[in-house]
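Working notes, structure below.
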Protein chains: 2
Amino acid sequence: MNKRLLLAGLAFALGAGVAQTALAQAKPETLVKQRQAAMTLQGKYFGPMAGMAQGKVPYNADTVAMNAAFLDALSRMPWDGFAESTKDTTVKTAALPAIWSEPAKFKEAQENFQNAVQALVKVSRGGDEAAQKAAIGGVGKTCGGCHQNFREKQ
Amino acid sequence: MNKRLLLAGLAFALGAGVAQTALAQAKPETLVKQRQAAMTLQGKYFGPMAGMAQGKVPYNADTVAMNAAFLDALSRMPWDGFAESTKDTTVKTAALPAIWSEPAKFKEAQENFQNAVQALVKVSRGGDEAAQKAAIGGVGKTCGGCHQNFREKQ
């Protein structure tokens, strides 16, 4: 089966700007679990790239291409999990109240991250190591931009 | 920024058959957390489609296209988390020993799932509701194929 052909479906579905229809009323604890899962996987695929950008892990162009592509999908997944219904959940979460009291700022932080990921995806295919490392650094900054204001200090 | 253009990166990176390089020695508990995160998100995006196929949720072609695309990426993520090092982890997991005693069978179950997801991605853009629902059912069967033999009964 031609994987390349089929995977073009992601470009189609997401590129068309399809809006996710409202989730059925998922339980707050389910939403928290799902958004945390997306963050966990962002860490899985961003971590090795951050290590490369910092010179702690040997640079590998194939890993950058694949991890950037995964991050592209993952960067879109957590946000609908920050529903109002999760504001007062008893589940352990590091989400700060600012998420709901400053929604425009939270949205902006998400967009900064997604734009930085897209910039990384764009250079991830070129094999230009310096440009890729710079773009990885750019993504890292936008992770921090959100964690700084909207997540409890770890 | 042109999302469609950038998202083509996933098709490129994955379509080229890029092999994920070995993960740095992640802790067993981290690997378990990451693989469970991938399964959680597979559930998030497969659940609504399963509901549509079963007639419990109104059919929505846009949701099918997007969720299938997400599932395409997610269907590739859990497997490197089933490393030998996680076999005796004390973290709570439903993974059965057969994962490590019958690796060929486990691999086959993964591939059946990935192939079914790819078949779904392929029809997810066509707007043919009946074909999509059939493909969703096909994916559901392969979820069960793995859970039947390799996961503790829930």
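Scheme for the structure tokens: letters A, B, ... for chains in order shown; per-chain residue numbers from 1; ligand numbers from 1 in order shown.
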I need the alpha helix (DSSP H) residues of chain B per DSSP on the backbone, written as a ChimeraX atom specification.
/B:3-15,28-53,61-74,98-101,103-124,129-150
Proximity check range 49-113 of chain B to range 27-45 of chain A, 10 Å, nearest pairs one decimal Å, only C-alpha atoms, as JSON lines:
{"residue": "B:Leu74", "atom": "CA", "partner": "A:Leu41", "partner_atom": "CA", "distance": 9.7}
{"residue": "B:Met77", "atom": "CA", "partner": "A:Leu41", "partner_atom": "CA", "distance": 8.6}
{"residue": "B:Pro78", "atom": "CA", "partner": "A:Leu41", "partner_atom": "CA", "distance": 9.8}
Give me, please, the distance in Å between CA of Ala68 in chain A and CA of Ala130 in chain A, quoted to one decimal.
15.2 Å
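Remark: for chain B, the closest of the candidate residues A:Val91, A:Met52, A:Ala26, A:Ala65 is A:Ala65 (distances computed over only C-alpha atoms).
Neighbours of Asn112 in chain B closer than or equal to 9 Å, with only C-alpha atoms counted and sequence neighbours fewer than 6 positions away skipped, come out as B:Val139, B:Thr142, B:Cys143, B:Gly145.
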Those residues you just picked out, can you put them in a file as an mmCIF file, in the first residue's frame with N, CA and C atoms?
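The result, stored in again-v3.cif:
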data_model
loop_
_atom_site.group_PDB
_atom_site.id
_atom_site.type_symbol
_atom_site.label_atom_id
_atom_site.label_comp_id
_atom_site.auth_asym_id
_atom_site.auth_seq_id
_atom_site.Cartn_x
_atom_site.Cartn_y
_atom_site.Cartn_z
ATOM 1 N N VAL B 139 -11.371 -0.801 11.146
ATOM 2 C CA VAL B 139 -10.389 -0.371 12.145
ATOM 3 C C VAL B 139 -10.772 -0.943 13.517
ATOM 4 N N THR B 142 -9.649 -4.391 14.144
ATOM 5 C CA THR B 142 -8.214 -4.579 14.387
ATOM 6 C C THR B 142 -7.796 -4.058 15.766
ATOM 7 N N CYS B 143 -8.530 -3.100 16.311
ATOM 8 C CA CYS B 143 -8.282 -2.707 17.716
ATOM 9 C C CYS B 143 -8.498 -3.942 18.578
ATOM 10 N N GLY B 145 -8.485 -7.000 17.716
ATOM 11 C CA GLY B 145 -7.537 -8.076 17.408
ATOM 12 C C GLY B 145 -6.316 -8.018 18.303
#
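Straight-line separation from CA of Ser101 in chain A to CA of Asp72 in chain A: 27.3 Å.
Counting only C-alpha atoms and comparing A:Leu96, A:Ile136, A:Val123, A:Val117, the residue that lies closest to Phe70 in chain A is A:Val117.
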Skipping near chain neighbours, those fewer than 6 positions away, what residues fall within 9 Å of Ser124 in chain B using only C-alpha atoms, listed as a PyMOL selection string?
(chain A and resi 9+13) or (chain B and resi 61-62+64-66+68-69+131-132+135)
Those same residues - N, CA, C and O atoms - I'd like them written as a PDB file, in the first residue's frame.
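Saved result, part-v9.pdb, follows:
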ATOM      1  N   GLY A   9      -3.717  12.389   3.120  1.00  0.00           N
ATOM      2  CA  GLY A   9      -5.007  12.670   3.762  1.00  0.00           C
ATOM      3  C   GLY A   9      -4.888  13.662   4.901  1.00  0.00           C
ATOM      4  O   GLY A   9      -5.794  14.464   5.129  1.00  0.00           O
ATOM      5  N   ALA A  13      -7.098  16.926   5.054  1.00  0.00           N
ATOM      6  CA  ALA A  13      -8.094  17.144   6.099  1.00  0.00           C
ATOM      7  C   ALA A  13      -7.768  18.381   6.922  1.00  0.00           C
ATOM      8  O   ALA A  13      -8.635  19.185   7.235  1.00  0.00           O
TER       9      ALA A  13
ATOM     10  N   ALA B  61     -18.823  14.206   7.848  1.00  0.00           N
ATOM     11  CA  ALA B  61     -17.714  13.880   6.946  1.00  0.00           C
ATOM     12  C   ALA B  61     -16.424  14.606   7.335  1.00  0.00           C
ATOM     13  O   ALA B  61     -15.327  14.049   7.215  1.00  0.00           O
ATOM     14  N   ASP B  62     -16.547  15.855   7.808  1.00  0.00           N
ATOM     15  CA  ASP B  62     -15.359  16.624   8.183  1.00  0.00           C
ATOM     16  C   ASP B  62     -14.658  15.990   9.386  1.00  0.00           C
ATOM     17  O   ASP B  62     -13.432  15.936   9.453  1.00  0.00           O
ATOM     18  N   VAL B  64     -14.797  12.841  10.232  1.00  0.00           N
ATOM     19  CA  VAL B  64     -14.163  11.604   9.775  1.00  0.00           C
ATOM     20  C   VAL B  64     -12.819  11.914   9.124  1.00  0.00           C
ATOM     21  O   VAL B  64     -11.808  11.279   9.417  1.00  0.00           O
ATOM     22  N   ALA B  65     -12.786  12.944   8.262  1.00  0.00           N
ATOM     23  CA  ALA B  65     -11.543  13.274   7.556  1.00  0.00           C
ATOM     24  C   ALA B  65     -10.451  13.669   8.549  1.00  0.00           C
ATOM     25  O   ALA B  65      -9.306  13.204   8.460  1.00  0.00           O
ATOM     26  N   MET B  66     -10.824  14.494   9.510  1.00  0.00           N
ATOM     27  CA  MET B  66      -9.806  14.964  10.434  1.00  0.00           C
ATOM     28  C   MET B  66      -9.388  13.878  11.419  1.00  0.00           C
ATOM     29  O   MET B  66      -8.189  13.683  11.663  1.00  0.00           O
ATOM     30  N   ALA B  68      -9.553  10.685  11.069  1.00  0.00           N
ATOM     31  CA  ALA B  68      -8.802   9.632  10.375  1.00  0.00           C
ATOM     32  C   ALA B  68      -7.352  10.079  10.178  1.00  0.00           C
ATOM     33  O   ALA B  68      -6.410   9.289  10.350  1.00  0.00           O
ATOM     34  N   ALA B  69      -7.179  11.350   9.854  1.00  0.00           N
ATOM     35  CA  ALA B  69      -5.824  11.871   9.645  1.00  0.00           C
ATOM     36  C   ALA B  69      -5.026  11.837  10.957  1.00  0.00           C
ATOM     37  O   ALA B  69      -3.860  11.449  10.986  1.00  0.00           O
ATOM     38  N   ALA B 131     -18.851   3.725   2.561  1.00  0.00           N
ATOM     39  CA  ALA B 131     -17.481   3.197   2.506  1.00  0.00           C
ATOM     40  C   ALA B 131     -16.709   3.598   3.757  1.00  0.00           C
ATOM     41  O   ALA B 131     -15.922   2.821   4.306  1.00  0.00           O
ATOM     42  N   GLN B 132     -16.948   4.803   4.217  1.00  0.00           N
ATOM     43  CA  GLN B 132     -16.250   5.276   5.415  1.00  0.00           C
ATOM     44  C   GLN B 132     -16.688   4.473   6.640  1.00  0.00           C
ATOM     45  O   GLN B 132     -15.861   4.064   7.448  1.00  0.00           O
ATOM     46  N   ALA B 135     -15.087   1.177   6.604  1.00  0.00           N
ATOM     47  CA  ALA B 135     -13.662   1.265   6.948  1.00  0.00           C
ATOM     48  C   ALA B 135     -13.476   1.513   8.449  1.00  0.00           C
ATOM     49  O   ALA B 135     -12.528   1.000   9.063  1.00  0.00           O
TER      50      ALA B 135
END
If you count only C-alpha atoms, the residue of B:Lys122, B:His147, B:Lys133, B:Lys107 closest to chain A turns out to be B:Lys122
